[in-house]
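Colleague: Questions regarding the structure given below will be posed in turn.
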Amino acid sequence: MSEWDWRRLDALATLKMGQSPSGQFVEELEDGIPFLQGNAEFGEHFPTATFQCGDAPRRCQKGDSLISVRAPVGAINRSDREYGIGRGLAAITFARIYSSYGHHALLEHARGLHRVSQGTTFLAIGRPDLAALKIPHPPVGEQRRIAEILDTIDETIQATERVIVKHQQIRSGLAADLLTQAVERFDGGNRNPMTYEAHSPEWRKCQLGDIGTIVGGGTPARDNARCWDGLIPWLTPGELTSSNEKFVFETDEKISFRGLAESGARWVPAGSLLMTSRASIGFCALAGTPMTTNQGFKNLIPRTDVDSSYLFHLGQTLQREMIRRASGTTFLEISSREFGRIEIRMPPLGEQRRIARILDSADDAIRAHEVERDKLRALRSGLAADLLSGRVRTVAA
């Protein structure tokens with residue numbers, strides 16, 4: 001690794017620690033100078049401000065690296081314009097190193113700041129801690145080549161993310177039409193999923209309780225070992241809210257037949273709709289195998305004239321209404337009675353299946369792009385680790 005060395009951040013860049021302005025000058029963003037208090041406004045790459053402050057005492061410039069100096073320490077974005085910055089952030093201007101290279105090096109090595117962060121209420125670092133962070137310093141030509149490689153991958157990732165957002169918007173529009181007030185139109189025998197007619201007479205108004213059986217869940221006694229480590233999958237809301245999958249096949253815990261008999265847990269057949277109904281309300285999936293859940297669910301076992309895939313897509317539209325009907329002092333929860341009374345429109349079975357195929361196809365397109373994006377992220381991570389440590393060297397053209 002000849003010609004490489006490691007240098008302190010303050011030897012390569014100008015550091016500007018944020019400062020909070022008087023609260024009277026901070027207001028909702030309109031046409032003023034956007035203001036960032038901390039990393040809450042950070043995005044995947046660039047921040048999105050919700051406030052403005054014309055009297056912000058500290059500001060960053062376009063192209064600066066922004067780093068969170070309060071919990072979580074080390075979160076990083078890049079400024080795409082001038083911002084006022086609060087005490088939760090610092091702005092880094094790479095003046096004595098190739099700017100784009102410096103940003104990539106900071107992304108790779110800022111995790112070291114976690115080891116020096118301290119605080120009684122929350123973790124934080126000060127200017128001395130940030131200034132002492134060391135990053136690799138290769139020759140300027142190699143800095144440029146490394147930055148070009150990582151910039152190209154980042155641009156490809158961002159382009160893929162834009163495609164994902166576009167597909168999500170299209171899918172959202174399709175779902176809003178297909179599941180509420182439109183039916184598929186056929187033109188010359190060729191399905192055109194982008195054009196619709198009004199509801200056909202076969203659509204009927206009903207309630208959720210009319211299209212299936214609603215069952216809840218339960219938790220076996222934790223102090224009874226014979227209720228646990230059995231063969232029956234047992235799902236908790238946290239497993240569902242952290243997933244983006246249509247089907248649930250595996251659960252973190254399993255209960256025994258004794259646990260099933262001695263608790264409020266109930267069998268839910270494969271194809272049933274699983275919906276969180278307590279605290280985190282309105283997340284849904286389909287049971288991919290017979291299973292049980294804890295009491296944080298309202299599960300709908302569909303009738304034979306209800307398509308499970310259609311039911312899943314319908315379930316994704318119910319969150320707002322479920323929250324509106326929920327009640328509670330410690331946490332919000334929707335009762336089985338209120339869940340079953342939610343009004344819906346149901347098409348005939350054949351049309352349910354056609355709608356489900358359209359929305360499944362839209363979801364598949366989104367997932368394909370997400371897989372592509374995740375592969376690019378993994379590639380970038382490996383390249384950054386190699387290039388910014390000197391394990392892999394670039395060659396001048």
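The way I read the labels, and the way they are meant: chains A, B, ... in the order of the structure tokens, residue 1 as the first residue of every chain, and ligand 1 as the first ligand shown, with later ones counted on from there.
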Running DSSP on the backbone, which parts of range 46-236 of chain A land in helix (DSSP H, G or I), as a VMD selection string?
Modeller: chain A and resid 99 to 115 127 to 131 140 to 181 208 to 210 225 to 227
Colleague: Quick one: everything within 10 Å of range 383-390 of chain A, counting only C-alpha atoms, minus sequence neighbours fewer than 3 positions away in the same chain. Send it as a ChimeraX atom specification.
Modeller: /A:1-2,4-6,101,104-109,135-138,142-143,145-147,149-150,153,377-380,393-394
Colleague: As a ChimeraX atom specification, please: every residue in range 3-141 of chain A that DSSP puts in strand (DSSP E).
Modeller: /A:5-8,14-17,26-28,34-36,51-53,59-60,65-68,76-78,83-85,89-93,134-137
Colleague: Show me, as JSON lines, the residues of range 271-329 of chain A having an atom within 9 Å of range 233-236 of chain A, each with the closest atom pair and its distance in Å, using only C-alpha atoms.
Modeller:
```
{"residue": "A:Thr276", "atom": "CA", "partner": "A:Thr236", "partner_atom": "CA", "distance": 8.7}
{"residue": "A:Thr289", "atom": "CA", "partner": "A:Pro233", "partner_atom": "CA", "distance": 8.6}
{"residue": "A:Pro290", "atom": "CA", "partner": "A:Pro233", "partner_atom": "CA", "distance": 7.7}
{"residue": "A:Met291", "atom": "CA", "partner": "A:Pro233", "partner_atom": "CA", "distance": 4.9}
{"residue": "A:Thr292", "atom": "CA", "partner": "A:Trp234", "partner_atom": "CA", "distance": 4.8}
{"residue": "A:Thr293", "atom": "CA", "partner": "A:Leu235", "partner_atom": "CA", "distance": 4.4}
{"residue": "A:Asn294", "atom": "CA", "partner": "A:Thr236", "partner_atom": "CA", "distance": 5.7}
{"residue": "A:Gln295", "atom": "CA", "partner": "A:Thr236", "partner_atom": "CA", "distance": 8.3}
{"residue": "A:Gly296", "atom": "CA", "partner": "A:Thr236", "partner_atom": "CA", "distance": 7.0}
{"residue": "A:Phe297", "atom": "CA", "partner": "A:Thr236", "partner_atom": "CA", "distance": 8.1}
```
Colleague: Using only C-alpha atoms, which residues sit within 9 Å of Glu161 in chain A once same-chain residues fewer than 6 positions away are excluded, as JSON, numbers by chain?
Modeller: {"A": [369, 370, 373]}
Colleague: Under the rule that only C-alpha atoms are counted, which of A:Pro237, A:Pro220, A:Gly328, A:Gly126 is the nearest residue to Ile255 in chain A?
Modeller: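 The answer is A:Pro220, which sits nearest to Ile255 in chain A.
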